[in-house]
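Inspection log for the structure reproduced underneath, given as C-alpha cells.
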Amino acid sequence: MAENYRKYLDPRTLSKLQGLEIKARLIVEGFVSGLHKSPYHGFSIEFAEHREYVPGDDLRHVDWKVFGRSDRYYLKQYEEETNFGCYILLDTSESMRYRSEQAVLSKLEYAQHIAAAIAYLVLQQRDAIGLATYDNSLRQFIRASSHASQIKPLCHVMEESPAAGELSMGPIFHETAERIKKRGLVVILSDLFDDVTSLMHGLKHLRYRRHEVIVLHTIDPAEQDFPFEDPTLFKGLEGLPEQLTEPRALRAAYREEFEQFLHEVRKGCRDMHMDYALLRTDQPLNVALSSYLAGRSQHMHKT
Amino acid sequence: MLWGAALGAVPIIIHLLNKRKFRETEWAAMRFLIQAVKKKSRKIRLEQLILLAIRALILILLAIALAEPHFRTLGSVFQADAPTHKVIVVDSTYSMGFRQGDRSRFSQAQEIARQIVEQSGQGDAFNLVRIADAAPQVIVANPSFRQEDVIEEISLLELPDGRGDVAPVLERIEGLLESKSGIPDQKEVYFISDFQRAGWIPRSNSQLTAFRSRMKEIGQDAKLVLVDLGKQGQENTAVTSLRTIGSHVALGRPVQFEATVQNFGRIPQNGRQLEFLVDNKLQATRRVNLVPGTSVSEVFSYTFSAGGEHRVEVRLQGDALEVDNRRWMSVPVRERLNVLCVNGSRTGREMGNATDFLTLALQPAESAADAVSPFAPRVIASGDLVAQDLRDFDCIFLCNVALVTPAEAKLLESFLKSGGGAVWCLGDRVDVDNYNSTLYRDGQGILPAQIGPRRGNPADRSEAFFFDPGDYSHPIVADFQGNPRAGLSNTLTYAYYQLIVPPRSPARVALYFDTGDPAIVDAPIIGNEQIGGGRSLIVATSLDDSWGNWALWPSYLPMVREMALLACSGRLGQRDFTVGQPIARALPARAFDVDITVVRPGGGSTPAQVTQSEAISEFQFDDTQTAGIYEVNFGPPLSGTELFAVNVDTAESDLTSLSRDELAAELVPGINFDYQTDIQQIERSDAVATTERGGLARGLLYVVLFLVFVELLMAWQFRYGLWLLFPPLAAVAAYRYWRTR
C-alpha cells in the first residue's frame, strides 16, 4: 500500500506543492462559525502547532516571537481553519483511457495523479476532501472528510475505477450538485469530450449551488496537435464509429474544430466565473499543478 | 537512357516516404475528427476522384503504349507513326513567280514539297497535284510510294504563266482521297500556295458554297496543312491591257495604242519606266507614276509603213513579279483586203449598177500607182454567190440583192462565223419579207436589225433625210468628229428602210437619220467555239445614187472604206489570247493539208494540227502556257506567217493574300487545319514529327512514368502532386498557344 501512496504522492512533486495553499475564493460558511475569522481578513484560527519554515511559505505566518527566542523560523499552524470541503470529480469514461505516443501517462492516470496530489494537499490543510468518479452515471462517491486516513479510500477508489463507459457530464453535474449539500470547492478532472451545451448546463447547476468550481481540462497532446502522418484508422472510443483518414489532409480542419471546442469551454467557464486550466498530459505533473495553484493563489491575494 | 533508369529510384524513395500500411489507433477526440471529416469530405472526395482519374489514365496510357504496334498497322487512330497518304498541292499560278530575294515563291514551294516527301516515313504514299489551268493538274495520279520518283517530279514542275482555278483541283483531290486498297487510310493534304485572294475566293456565292463544301469534305477525309508563302510581299504592278484605239489598223496612217498599267500594291510607285516596242525595236519610253489601287493609261502612236504581221509590246520595268510586266499584241497589217461586191441590180446606164460607186470608192483609180488602195474589190452578180469560195474574201458587200436563198444564207452564216464580214446595203429591189425570214430570223440570224417599212420616196425628192452621227462614238464615224466639211451631216437621203434594232442585242447603231431611225447598224457575229466571229453591218439606204446623193458626197468614200475595214476586221482574226486559251484560226477550206509549225515565245517550234469539220477547217494550238508572241508558220499552199499574242490574265496580279483568319473564316470554316508560313517552320514541325515517329509508345511511357510519380506524390500529399502536375500542363498549354500564334 505504501508504494501505491508513493505512486500518487510523488515526494518530488509534493515538495514543491506543500507550501502553497488552496483557499476558497468565496465566503465559506464554517462548520464552526465562531472559530473562524472572516475569510477576508486572514488566516488565524485556533493555534495548533509550530512547524519549521520551508522556503516558499508565506512570511506572514512566521512566528517572529519564536524567532526572537530561538533564532529559528517557525510557522504557526492552526487547527480547523475552515470547514472547507473539497470534492474532486474524476472522469473515468472510456475516452480518458487514451494515451498517445508522446505522453507517458494516459489522461486518466494523469488525472488520478493530480487528484491524489490535490487530495493530499487538502488533507494537509485539515480540510475535507471527497471524491466522485463518473462516466455516464455516477460510479463512486466518497463523502468529504478531513480525516487524515481519507486519502486511502480515495486512492483505492481511483485505482479500482476502470476507464469505461460513455461520458455524459451534464446529468452527472446535476446529480452531484444535488448530493453535495455543503458549499465547497469542486475540482473537475475531465477531458470534457461531451456536448458543450449540456456540459455548461451541468456546470451552471454546480455554480448555482454556489460551489467554487475549478475545471482542470485534461487532454492528451496528440488530441490538440493531431501529429499523425500516415493513413490511420481511428477507432472511436465511447461507442463512436471508426474513421479511416489521411491525417495530413485533415489536420488543419481538425485543429480548427478542437480549438473551437477549447475556446467554447474556456469562454463558458469564464462567463460563469470558474477557474479553468488546460492540462496536457505531456506537461510535467508538478508544472501543471503548481502553475495552476500559483495562479490560484495570486488570484486570492488580489481579492 | 541511363538517366531514365535513375528515375526508377524515385518511386522507391516515395515509397519510403510514404509507408502506406494502415495504422490503427484508438481515438478519444472522435467527435472533432468526424466533424472535420464532414467538412473536408467534399474536398477529399474531389481529391480521391482526381487520384482515381490519374490512376485510370496511367492504366489506359499503358495499355495504349503496349498496343501501339497494333495501332500502327491499323493506322488510323494515332497519327505519328502510321503510314500516311499525302497529297501535295503546289500552286502553279503565275503569281508564284514572285521573287523573294534570289528565288521565286514557286521554287520555295518546290523546296517545301521536297522536304515533305523527304521527311516522310516508310510506307507513305504521295500524290502530286498542281493548281493550274493547264493540264495535267494531277502530276502523280497513282499514289506513289517511291520518294525519289516523287521528288524528281517535283523538281520537274514548271511554272506556267497561267492562272489556276482551285475548285476543279479540289474535285480531283477528292477523287484522289477515295480510299483504295493498299493506300494508307490516314490522309494529309498539303496546300502550298500564296493564298491569293483573287485566286482562292470564288467569284460567285454559289461557287463559294460549293467550294466550301468540297473543302469540308476534304477536311473530313484528311488532315489539312496550309503552307502560306504569300506573307512577305504583296507589292505588284502590271500592264493590264494593250489595245488599239479605233477599230482597225491600216497601212500608212497613225495607229494609237493604249497601254494600261495598274498598281496592285499599297505603296505608290513613281517614275516607273514604261517601254513601247514594235517588232522588238524600242519606239518610245515613258515614266509613269502609279498610285496604289489605280490604273494609268498611256497612249503610244505608231504608223506602220509596211504590211504584214507586226508585234507590239509594252514593258514595265522593275518588279518582283516579272511575267505580268509585259504585254504583247499582234497587229496584222494587210496590204490588200479582198472585198466581194454582189451586184443586185444591173442597169445599162453608166454608174447604174448598185455596186459601181462602191467599187469606185474602194479602189478609186487603178492608174494612180502611188496611192495604192488596200482594197481589192471584185464584183459578181447576185446569182453567182453560191459559186464563189467565200474564204478568199475578207468581206462581202451585198448591194440591193433582191432575194437570199436559204443555201446562200447558210453559206454567208458560216462565212461570218469564221470571221468574215458582211455589209447589207438595201435598195428598191430588196424583198423585205425574204430578208427578215431568211436572214434576220427573229434575231437568231446574221442580220443585225429587222427591216421595217420604207420611208420616203426616191422619185419625189421633196422630202429629204439627213444623217445624224450622234456623239460620233462609233468607230466608223469617229473620224468625222470636228470635221463638218466632210459633209456627213448634209448628205441627203430620199428614202430608207426603217430598221428595228431588237432590245438587248449586241448590235450598235453607228449612224442615225435625223428622224431618229438608224441608218447604219453594226453587230458582231458570235463565231464558232474558238474562232472569233466576223461583223455584220446593215445600211438602211442604198449605196448608189438611186436613193440619195450620198454616193456623190465627200462623206461617201471615207464611210465606205471605214465600213469595209470594220467588216474586214473580223477576218484578220482574233490575235489576242490569254494564257491557257488555245490559239485557233479558221483556214480556207482548201487548206486541209497544210504543214503548220508554231514557234513559241521562248523559241522552239512545235508542229500543229489542222482539224477539218464539215464547213470549216481550222487550226488550233493548245499549248499556250507561256505569255508572249507565238509565230505560226503555214506551209504551202497558204504559205504565210501569222503572229498571235498570248497575254497573262492580270486578275492574278493582285497579290493580296488571305490571312490565316480569313482562310479559316472564308475557305475552310469549321475545319481544323495546320498553318505554316515558311520553310523553317515546316522543317521544325517535321523535325518534331520525326522525333515523334516511332516514339509514340516511348512518349506514352514517359507520360505514364510521370503520372505514376504524380500519383505517388498525390497519395502521399495531394497538394505536392498537384503542383507537380501543373508545370507540364502549363508548358503544353504555352506551347500550343505559341504554335497557334
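Going through the C-alpha cells in order, the chains are called A, B, and so on, while each chain numbers its residues from 1 and the ligands are numbered from 1 in the order shown.
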
What residues in chain B have any atom no more than 10 Å from chain A when counting only C-alpha atoms, and can you write them as an NGL selection string?
-> :B and (17-41 or 43-44 or 715-719)

Nearby residues (only C-alpha atoms) at most 10 Å from range 337-354 of chain B, same-chain spacing under 5 positions excluded, as a PyMOL selection string | chain B and resi 359-360+362+373-385+388+390-403+421-430+542-546+564-565+567-568+571-572

In Å, rounded to a single decimal, give me how far CA of Glu562 in chain B is from CA of Glu309 in chain B.
->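 Straight-line distance from CA of Glu309 in chain B to CA of Glu562 in chain B works out to 20.9 Å.
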
Taking the DSSP assignment computed from this structure's backbone, write out as a CSV table (one decimal) with C-alpha atoms, in the first residue's frame all residues of range 435-557 of chain B that belong to alpha helix (DSSP H).
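Okay, out34.csv is ready:
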```csv
chain,number,residue,atom,x,y,z
B,475,PRO,CA,-15.5,53.9,-134.9
B,476,ILE,CA,-16.8,54.3,-138.5
B,477,VAL,CA,-18.0,57.9,-137.8
B,478,ALA,CA,-15.4,58.8,-135.2
B,556,TYR,CA,-19.2,58.6,-149.0
B,557,LEU,CA,-15.7,57.5,-149.7
```

For CA of Leu167 in chain A and CA of Lys204 in chain A, the interatomic separation in Å (one decimal) = 17.8 Å

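Among the candidates B:Ala495, B:Leu707, B:Ile58, B:Val138, the residue lying nearest to Glu171 in chain B is B:Val138 (atoms considered: only C-alpha atoms).
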
Please identify which residues in range 527-614 of chain B DSSP calls strand (DSSP E) from the backbone, and express them as a list in words.
->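 Those residues are Arg535, Ser536, Leu537, Ile538, Val539, Asp576, Phe577, Thr578, Ile583, Ala584, Arg585, Ala586, Leu587, Ile596, Thr597, Val598, Val599, Ser605, Thr606, Pro607, Ala608, Gln609, Val610, Thr611 and Gln612 of chain B.
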
Go ahead and save the residues from that selection, with N, CA and C atoms, as a PDB file, in the first residue's frame.
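Output file again.pdb is given in full below:
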```pdb
ATOM      1  N   ARG B 535     -18.155  40.480-138.605  1.00  0.00           N
ATOM      2  CA  ARG B 535     -19.094  41.544-138.298  1.00  0.00           C
ATOM      3  C   ARG B 535     -20.139  41.624-139.397  1.00  0.00           C
ATOM      4  N   SER B 536     -21.289  42.035-139.004  1.00  0.00           N
ATOM      5  CA  SER B 536     -22.371  42.205-139.967  1.00  0.00           C
ATOM      6  C   SER B 536     -22.882  43.639-139.843  1.00  0.00           C
ATOM      7  N   LEU B 537     -22.936  44.354-140.964  1.00  0.00           N
ATOM      8  CA  LEU B 537     -23.430  45.724-140.933  1.00  0.00           C
ATOM      9  C   LEU B 537     -24.607  45.839-141.891  1.00  0.00           C
ATOM     10  N   ILE B 538     -25.524  46.692-141.539  1.00  0.00           N
ATOM     11  CA  ILE B 538     -26.636  46.925-142.459  1.00  0.00           C
ATOM     12  C   ILE B 538     -26.793  48.433-142.665  1.00  0.00           C
ATOM     13  N   VAL B 539     -26.945  48.791-143.902  1.00  0.00           N
ATOM     14  CA  VAL B 539     -27.134  50.204-144.254  1.00  0.00           C
ATOM     15  C   VAL B 539     -28.586  50.348-144.699  1.00  0.00           C
ATOM     16  N   ASP B 576      -5.432  38.030-130.144  1.00  0.00           N
ATOM     17  CA  ASP B 576      -5.035  38.158-128.741  1.00  0.00           C
ATOM     18  C   ASP B 576      -5.694  37.065-127.913  1.00  0.00           C
ATOM     19  N   PHE B 577      -4.858  36.344-127.244  1.00  0.00           N
ATOM     20  CA  PHE B 577      -5.361  35.249-126.411  1.00  0.00           C
ATOM     21  C   PHE B 577      -4.789  35.418-125.019  1.00  0.00           C
ATOM     22  N   THR B 578      -5.444  34.770-124.059  1.00  0.00           N
ATOM     23  CA  THR B 578      -4.828  34.742-122.730  1.00  0.00           C
ATOM     24  C   THR B 578      -4.183  33.383-122.544  1.00  0.00           C
ATOM     25  N   ILE B 583      -4.919  28.812-129.202  1.00  0.00           N
ATOM     26  CA  ILE B 583      -4.906  29.687-130.374  1.00  0.00           C
ATOM     27  C   ILE B 583      -5.658  28.962-131.483  1.00  0.00           C
ATOM     28  N   ALA B 584      -6.647  29.639-132.047  1.00  0.00           N
ATOM     29  CA  ALA B 584      -7.428  28.987-133.092  1.00  0.00           C
ATOM     30  C   ALA B 584      -7.553  29.928-134.269  1.00  0.00           C
ATOM     31  N   ARG B 585      -7.668  29.333-135.373  1.00  0.00           N
ATOM     32  CA  ARG B 585      -7.708  30.151-136.591  1.00  0.00           C
ATOM     33  C   ARG B 585      -8.448  29.347-137.646  1.00  0.00           C
ATOM     34  N   ALA B 586      -9.450  29.985-138.262  1.00  0.00           N
ATOM     35  CA  ALA B 586     -10.150  29.325-139.364  1.00  0.00           C
ATOM     36  C   ALA B 586      -9.285  29.426-140.608  1.00  0.00           C
ATOM     37  N   LEU B 587      -9.302  28.379-141.368  1.00  0.00           N
ATOM     38  CA  LEU B 587      -8.469  28.362-142.564  1.00  0.00           C
ATOM     39  C   LEU B 587      -9.356  28.201-143.786  1.00  0.00           C
ATOM     40  N   ILE B 596       1.873  23.041-140.482  1.00  0.00           N
ATOM     41  CA  ILE B 596       1.884  24.245-139.647  1.00  0.00           C
ATOM     42  C   ILE B 596       2.891  24.038-138.520  1.00  0.00           C
ATOM     43  N   THR B 597       3.747  24.991-138.331  1.00  0.00           N
ATOM     44  CA  THR B 597       4.636  24.931-137.168  1.00  0.00           C
ATOM     45  C   THR B 597       4.434  26.186-136.348  1.00  0.00           C
ATOM     46  N   VAL B 598       4.519  25.990-135.064  1.00  0.00           N
ATOM     47  CA  VAL B 598       4.321  27.115-134.148  1.00  0.00           C
ATOM     48  C   VAL B 598       5.646  27.375-133.446  1.00  0.00           C
ATOM     49  N   VAL B 599       6.112  28.597-133.520  1.00  0.00           N
ATOM     50  CA  VAL B 599       7.320  28.979-132.797  1.00  0.00           C
ATOM     51  C   VAL B 599       6.879  29.662-131.506  1.00  0.00           C
ATOM     52  N   SER B 605      10.134  25.156-131.942  1.00  0.00           N
ATOM     53  CA  SER B 605       8.907  25.100-132.728  1.00  0.00           C
ATOM     54  C   SER B 605       8.242  23.752-132.562  1.00  0.00           C
ATOM     55  N   THR B 606       6.936  23.806-132.676  1.00  0.00           N
ATOM     56  CA  THR B 606       6.123  22.614-132.495  1.00  0.00           C
ATOM     57  C   THR B 606       5.213  22.494-133.698  1.00  0.00           C
ATOM     58  N   PRO B 607       5.068  21.331-134.250  1.00  0.00           N
ATOM     59  CA  PRO B 607       4.065  21.192-135.309  1.00  0.00           C
ATOM     60  C   PRO B 607       2.657  21.239-134.728  1.00  0.00           C
ATOM     61  N   ALA B 608       1.735  21.775-135.494  1.00  0.00           N
ATOM     62  CA  ALA B 608       0.353  21.853-135.029  1.00  0.00           C
ATOM     63  C   ALA B 608      -0.552  21.184-136.045  1.00  0.00           C
ATOM     64  N   GLN B 609      -1.724  20.864-135.606  1.00  0.00           N
ATOM     65  CA  GLN B 609      -2.648  20.102-136.440  1.00  0.00           C
ATOM     66  C   GLN B 609      -3.750  20.968-137.000  1.00  0.00           C
ATOM     67  N   VAL B 610      -4.270  20.540-138.110  1.00  0.00           N
ATOM     68  CA  VAL B 610      -5.445  21.184-138.695  1.00  0.00           C
ATOM     69  C   VAL B 610      -6.616  20.244-138.486  1.00  0.00           C
ATOM     70  N   THR B 611      -7.670  20.764-137.966  1.00  0.00           N
ATOM     71  CA  THR B 611      -8.861  19.937-137.814  1.00  0.00           C
ATOM     72  C   THR B 611      -9.875  20.334-138.869  1.00  0.00           C
ATOM     73  N   GLN B 612     -10.501  19.347-139.393  1.00  0.00           N
ATOM     74  CA  GLN B 612     -11.424  19.557-140.501  1.00  0.00           C
ATOM     75  C   GLN B 612     -12.822  19.206-140.036  1.00  0.00           C
TER      76      GLN B 612
END
```

Contacts of Arg266 in chain A within 12 Å, only C-alpha atoms, excl. fewer than 5 positions in-chain, as a PDB file with N, CA and C atoms, in the first residue's frame:
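Listed below is the output, out13.pdb:
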```pdb
ATOM      1  N   LEU A 192     -13.629  16.464 -20.893  1.00  0.00           N
ATOM      2  CA  LEU A 192     -14.817  17.233 -21.273  1.00  0.00           C
ATOM      3  C   LEU A 192     -15.330  16.892 -22.689  1.00  0.00           C
ATOM      4  N   VAL A 196     -21.014  20.365 -25.448  1.00  0.00           N
ATOM      5  CA  VAL A 196     -20.630  21.559 -24.691  1.00  0.00           C
ATOM      6  C   VAL A 196     -21.835  22.198 -24.009  1.00  0.00           C
ATOM      7  N   MET A 200     -22.202  22.746 -20.044  1.00  0.00           N
ATOM      8  CA  MET A 200     -22.331  24.076 -19.450  1.00  0.00           C
ATOM      9  C   MET A 200     -23.547  24.165 -18.525  1.00  0.00           C
ATOM     10  N   ILE A 214     -13.443  24.458 -10.083  1.00  0.00           N
ATOM     11  CA  ILE A 214     -12.191  24.535 -10.838  1.00  0.00           C
ATOM     12  C   ILE A 214     -12.241  23.444 -11.902  1.00  0.00           C
ATOM     13  N   VAL A 215     -12.109  23.856 -13.128  1.00  0.00           N
ATOM     14  CA  VAL A 215     -12.123  22.884 -14.221  1.00  0.00           C
ATOM     15  C   VAL A 215     -10.683  22.642 -14.646  1.00  0.00           C
ATOM     16  N   LEU A 216     -10.239  21.426 -14.411  1.00  0.00           N
ATOM     17  CA  LEU A 216      -8.905  21.062 -14.897  1.00  0.00           C
ATOM     18  C   LEU A 216      -9.092  20.198 -16.142  1.00  0.00           C
ATOM     19  N   HIS A 217      -8.931  20.832 -17.229  1.00  0.00           N
ATOM     20  CA  HIS A 217      -9.242  20.198 -18.520  1.00  0.00           C
ATOM     21  C   HIS A 217      -8.044  19.369 -18.957  1.00  0.00           C
ATOM     22  N   GLU A 259      -9.759  23.573 -31.463  1.00  0.00           N
ATOM     23  CA  GLU A 259      -9.550  24.884 -30.843  1.00  0.00           C
ATOM     24  C   GLU A 259     -10.880  25.580 -30.590  1.00  0.00           C
ATOM     25  N   GLN A 260     -11.792  25.354 -31.492  1.00  0.00           N
ATOM     26  CA  GLN A 260     -13.130  25.910 -31.320  1.00  0.00           C
ATOM     27  C   GLN A 260     -13.760  25.377 -30.026  1.00  0.00           C
ATOM     28  N   PHE A 261     -13.568  24.066 -29.837  1.00  0.00           N
ATOM     29  CA  PHE A 261     -14.107  23.409 -28.649  1.00  0.00           C
ATOM     30  C   PHE A 261     -13.467  23.981 -27.379  1.00  0.00           C
ATOM     31  N   ASP A 271     -17.304  32.864 -18.267  1.00  0.00           N
ATOM     32  CA  ASP A 271     -18.590  33.530 -18.096  1.00  0.00           C
ATOM     33  C   ASP A 271     -19.219  33.186 -16.749  1.00  0.00           C
ATOM     34  N   MET A 272     -18.929  31.943 -16.285  1.00  0.00           N
ATOM     35  CA  MET A 272     -19.532  31.537 -15.003  1.00  0.00           C
ATOM     36  C   MET A 272     -18.580  31.734 -13.833  1.00  0.00           C
ATOM     37  N   HIS A 273     -17.526  32.502 -14.065  1.00  0.00           N
ATOM     38  CA  HIS A 273     -16.522  32.770 -13.039  1.00  0.00           C
ATOM     39  C   HIS A 273     -15.949  31.499 -12.465  1.00  0.00           C
ATOM     40  N   MET A 274     -15.674  30.566 -13.284  1.00  0.00           N
ATOM     41  CA  MET A 274     -14.998  29.360 -12.834  1.00  0.00           C
ATOM     42  C   MET A 274     -13.554  29.458 -13.267  1.00  0.00           C
ATOM     43  N   ASP A 275     -12.728  28.762 -12.472  1.00  0.00           N
ATOM     44  CA  ASP A 275     -11.346  28.693 -12.902  1.00  0.00           C
ATOM     45  C   ASP A 275     -11.194  27.580 -13.905  1.00  0.00           C
ATOM     46  N   TYR A 276     -10.349  27.840 -14.859  1.00  0.00           N
ATOM     47  CA  TYR A 276     -10.173  26.849 -15.922  1.00  0.00           C
ATOM     48  C   TYR A 276      -8.696  26.717 -16.202  1.00  0.00           C
ATOM     49  N   ALA A 277      -8.261  25.489 -16.312  1.00  0.00           N
ATOM     50  CA  ALA A 277      -6.882  25.284 -16.744  1.00  0.00           C
ATOM     51  C   ALA A 277      -6.827  24.107 -17.694  1.00  0.00           C
ATOM     52  N   LEU A 278      -6.022  24.278 -18.727  1.00  0.00           N
ATOM     53  CA  LEU A 278      -5.852  23.205 -19.685  1.00  0.00           C
ATOM     54  C   LEU A 278      -4.599  22.437 -19.325  1.00  0.00           C
TER      55      LEU A 278
END
```

Residues within 9 Å of Leu123 in chain A, only C-alpha atoms, excluding chain neighbours under 3 positions, as a PyMOL selection string = chain A and resi 118-120+126-129+145-151
